[in-house]
Amino acid sequence: MAVINGFGKVYFDFGAISMLGDACKELGIKRPLLATDPAIAGFGFLDRAREALPSDIRASEIATLPEHPTVEGVEATIAAYEANDCDGFVAIGGGSIIDNCKAAAARSNNPAPLEQYVGHPEKIIGPLAPIIAIPTTAGTGAEMTQGGGIHPAHGKREFGIGSPLVRPKIAICDPELTLSLPPRLTAGTGMDALGHCVEGLFSPTINPVVDAIALDGINRVVTYIERAVNDGSDREARWHMLMAAMQGGMAISKGLGIAHTMSMTFSDSDLHHGALVTLSLPAVINFCADAAGNDKMDRLAHSMKVAGAGDVAEAVDALNKRVGLTEGVRAMGYGSNDLDQLSEFAVDCWFNNTSPRKPTRDEMREIIIEVLG
């Protein structure tokens, strides 16, 4: 039986951050914790969030969160939340910050350790502290999703937690906040959105509404990502890329697949998640094409503006190169040579459950070898 769920409320446009005060009032948040990392704080986005709050809302902040979300960072967020008697989270940043706040929200009414909730969403008991997500990158779509990845410690392979209860209640998507993204991060996050849309489309979960959203998101990425990479001040391109990222987050609701398994497999490094996904995508498309079916492949080819289904994987590879993502994972600096260990982890990864074709251990090994480059 198909189960088709909706998504949280979204404020979307240039200047949308000005709606933060209204969003807090909608959710009854009077003492929000503004959570971000030092780089985002340095761009002035924390100041802009404070300016958007009326005087009767007392905000606290934590601006020291790590670039990649860790259990330690989650616990520091909970400590700040409790010390300041907060009643909601405002996550300002990319997927890492939003995922950190999802995990912190899960902990707001549930005990440590965080790892006990892996694979057990039923253990996350509400009510939880509400989250307002303000993405500053255009790629992860974390503002729309009910899961997040957390590293046990820096340099350790991440685990996932999820529950409908941790999905942000409101997303404030302001393309203005993405204008400062440098070209390589624009490319990595933007192509991550493409990966979300493709793998969501491929998932055998039945949701024609989300399939249409995914196809539209794919078309936006292939139309606008080069413009955004080449000219970060291109406001039209930035608007469409943030919309594509949000659509990718919606596509994730159907499930992901082997490209995200690859990202998890290589997450015992500091390599960028989005780059890992998109560098894996051509090999995964070739592996899954027959199982995905002619209809989906033909519609994917149309959205990507290529002649036919057989050209899709090559088109993704060519687009990677045009936006500067030219290295294989090995060339990016990934160091492990233990193919047996990598294959063992990858073949058991939960993302494979919603892939149209589930690889054997030997097939997974071959995919890993191809992706490593």
# chains A, B, ... in the order shown; residues from 1 in each chain; ligands from 1
$ residues_around --residues "A:Gly308" --least-positions-apart "6" --cutoff "12 Å" --atoms "only C-alpha atoms" --output "PDB file with N, CA and C atoms, in the first residue's frame"
ATOM      1  N   ASN A 294      12.399   1.206 -18.063  1.00  0.00           N
ATOM      2  CA  ASN A 294      12.491   2.100 -19.226  1.00  0.00           C
ATOM      3  C   ASN A 294      11.753   3.409 -19.000  1.00  0.00           C
ATOM      4  N   ASP A 295      10.592   3.354 -18.346  1.00  0.00           N
ATOM      5  CA  ASP A 295       9.803   4.563 -18.160  1.00  0.00           C
ATOM      6  C   ASP A 295      10.565   5.600 -17.342  1.00  0.00           C
ATOM      7  N   LYS A 296      11.105   5.180 -16.206  1.00  0.00           N
ATOM      8  CA  LYS A 296      11.856   6.122 -15.378  1.00  0.00           C
ATOM      9  C   LYS A 296      13.120   6.598 -16.082  1.00  0.00           C
ATOM     10  N   MET A 297      13.805   5.703 -16.756  1.00  0.00           N
ATOM     11  CA  MET A 297      15.040   6.105 -17.441  1.00  0.00           C
ATOM     12  C   MET A 297      14.747   7.085 -18.572  1.00  0.00           C
ATOM     13  N   ASP A 298      13.652   6.871 -19.302  1.00  0.00           N
ATOM     14  CA  ASP A 298      13.297   7.794 -20.388  1.00  0.00           C
ATOM     15  C   ASP A 298      12.931   9.172 -19.830  1.00  0.00           C
ATOM     16  N   ARG A 299      12.174   9.185 -18.731  1.00  0.00           N
ATOM     17  CA  ARG A 299      11.814  10.471 -18.133  1.00  0.00           C
ATOM     18  C   ARG A 299      13.038  11.165 -17.539  1.00  0.00           C
ATOM     19  N   LEU A 300      13.964  10.381 -16.985  1.00  0.00           N
ATOM     20  CA  LEU A 300      15.203  10.950 -16.459  1.00  0.00           C
ATOM     21  C   LEU A 300      16.019  11.573 -17.583  1.00  0.00           C
ATOM     22  N   ALA A 301      16.121  10.868 -18.711  1.00  0.00           N
ATOM     23  CA  ALA A 301      16.860  11.406 -19.856  1.00  0.00           C
ATOM     24  C   ALA A 301      16.243  12.713 -20.338  1.00  0.00           C
ATOM     25  N   HIS A 302      14.909  12.760 -20.389  1.00  0.00           N
ATOM     26  CA  HIS A 302      14.230  13.983 -20.829  1.00  0.00           C
ATOM     27  C   HIS A 302      14.535  15.139 -19.884  1.00  0.00           C
ATOM     28  N   GLU A 314      26.660   8.970 -18.579  1.00  0.00           N
ATOM     29  CA  GLU A 314      27.740   9.762 -19.188  1.00  0.00           C
ATOM     30  C   GLU A 314      27.471  11.250 -19.031  1.00  0.00           C
ATOM     31  N   ALA A 315      26.189  11.657 -19.115  1.00  0.00           N
ATOM     32  CA  ALA A 315      25.840  13.065 -18.953  1.00  0.00           C
ATOM     33  C   ALA A 315      26.131  13.553 -17.534  1.00  0.00           C
TER      34      ALA A 315
END
$ residues_around --residues "stretch 102-116 of chain A" --least-positions-apart "5" --cutoff "8 Å" --atoms "only C-alpha atoms" --output "ChimeraX atom specification"
/A:71,74-75,77-78,89,124-131,147-148,150,159,161,165-168
$ closest_atom_pairs --of "stretch 259-363 of chain A" --to "stretch 227-244 of chain A" --cutoff "10 Å" --atoms "only C-alpha atoms" --output "tab-separated table"
residue	atom	partner	partner_atom	distance
A:Arg322	CA	A:Val229	CA	9.6
A:Val323	CA	A:Val229	CA	6.6
A:Gly324	CA	A:Val229	CA	9.0
$ write_last_selection --atoms "N, CA and C atoms" --output "PDB file, in the first residue's frame"
ATOM      1  N   ARG A 322      32.323  19.444 -15.793  1.00  0.00           N
ATOM      2  CA  ARG A 322      32.128  20.860 -16.147  1.00  0.00           C
ATOM      3  C   ARG A 322      32.049  21.755 -14.918  1.00  0.00           C
ATOM      4  N   VAL A 323      31.592  21.213 -13.794  1.00  0.00           N
ATOM      5  CA  VAL A 323      31.519  22.038 -12.577  1.00  0.00           C
ATOM      6  C   VAL A 323      32.736  21.841 -11.671  1.00  0.00           C
ATOM      7  N   GLY A 324      33.725  21.098 -12.152  1.00  0.00           N
ATOM      8  CA  GLY A 324      34.989  20.993 -11.434  1.00  0.00           C
ATOM      9  C   GLY A 324      35.147  19.797 -10.528  1.00  0.00           C
TER      10      GLY A 324
END
$ residues_around --residues "A:Pro54" --least-positions-apart "2" --cutoff "10 Å" --atoms "only C-alpha atoms" --output "PyMOL selection string"
chain A and resi 20-22+24-25+50-52+56-59
$ closest_residue --among "A:Cys86, A:Ala251, A:Pro152, A:Asn100" --to "A:Asp216" --atoms "only C-alpha atoms"
A:Ala251
$ decode --residues "stretch 141-174 of chain A" --atoms "C-alpha atoms" --output "PDB file, in the first residue's frame"
ATOM      1  CA  GLY A 141      17.593  19.204   1.404  1.00  0.00           C
ATOM      2  CA  ALA A 142      17.922  18.424   5.120  1.00  0.00           C
ATOM      3  CA  GLU A 143      15.322  21.088   5.834  1.00  0.00           C
ATOM      4  CA  MET A 144      12.704  18.700   4.413  1.00  0.00           C
ATOM      5  CA  THR A 145      13.811  15.316   5.735  1.00  0.00           C
ATOM      6  CA  GLN A 146      13.239  13.204   8.824  1.00  0.00           C
ATOM      7  CA  GLY A 147      16.711  11.719   9.140  1.00  0.00           C
ATOM      8  CA  GLY A 148      20.278  12.782   9.690  1.00  0.00           C
ATOM      9  CA  GLY A 149      23.810  11.430   9.753  1.00  0.00           C
ATOM     10  CA  ILE A 150      25.997  11.778  12.853  1.00  0.00           C
ATOM     11  CA  HIS A 151      29.645  10.744  13.316  1.00  0.00           C
ATOM     12  CA  PRO A 152      30.460   8.935  16.589  1.00  0.00           C
ATOM     13  CA  ALA A 153      33.635  11.044  16.581  1.00  0.00           C
ATOM     14  CA  HIS A 154      35.657  12.993  14.068  1.00  0.00           C
ATOM     15  CA  GLY A 155      36.999  10.653  11.397  1.00  0.00           C
ATOM     16  CA  LYS A 156      34.621   7.817  12.277  1.00  0.00           C
ATOM     17  CA  ARG A 157      32.041   6.504   9.803  1.00  0.00           C
ATOM     18  CA  GLU A 158      28.664   8.148  10.423  1.00  0.00           C
ATOM     19  CA  PHE A 159      25.446   6.504  11.519  1.00  0.00           C
ATOM     20  CA  GLY A 160      21.896   7.596  10.802  1.00  0.00           C
ATOM     21  CA  ILE A 161      19.001   8.383  13.059  1.00  0.00           C
ATOM     22  CA  GLY A 162      15.518   9.289  11.944  1.00  0.00           C
ATOM     23  CA  SER A 163      11.920   9.811  12.917  1.00  0.00           C
ATOM     24  CA  PRO A 164       9.034  11.891  11.577  1.00  0.00           C
ATOM     25  CA  LEU A 165       9.277  13.733  14.887  1.00  0.00           C
ATOM     26  CA  VAL A 166      12.657  15.305  13.994  1.00  0.00           C
ATOM     27  CA  ARG A 167      11.604  16.746  10.635  1.00  0.00           C
ATOM     28  CA  PRO A 168      11.878  20.566  10.820  1.00  0.00           C
ATOM     29  CA  LYS A 169       8.467  22.106  11.402  1.00  0.00           C
ATOM     30  CA  ILE A 170       9.307  25.128   9.258  1.00  0.00           C
ATOM     31  CA  ALA A 171      12.015  25.722   6.651  1.00  0.00           C
ATOM     32  CA  ILE A 172      13.139  29.225   5.763  1.00  0.00           C
ATOM     33  CA  CYS A 173      14.820  29.001   2.360  1.00  0.00           C
ATOM     34  CA  ASP A 174      16.482  32.299   1.475  1.00  0.00           C
TER      35      ASP A 174
END
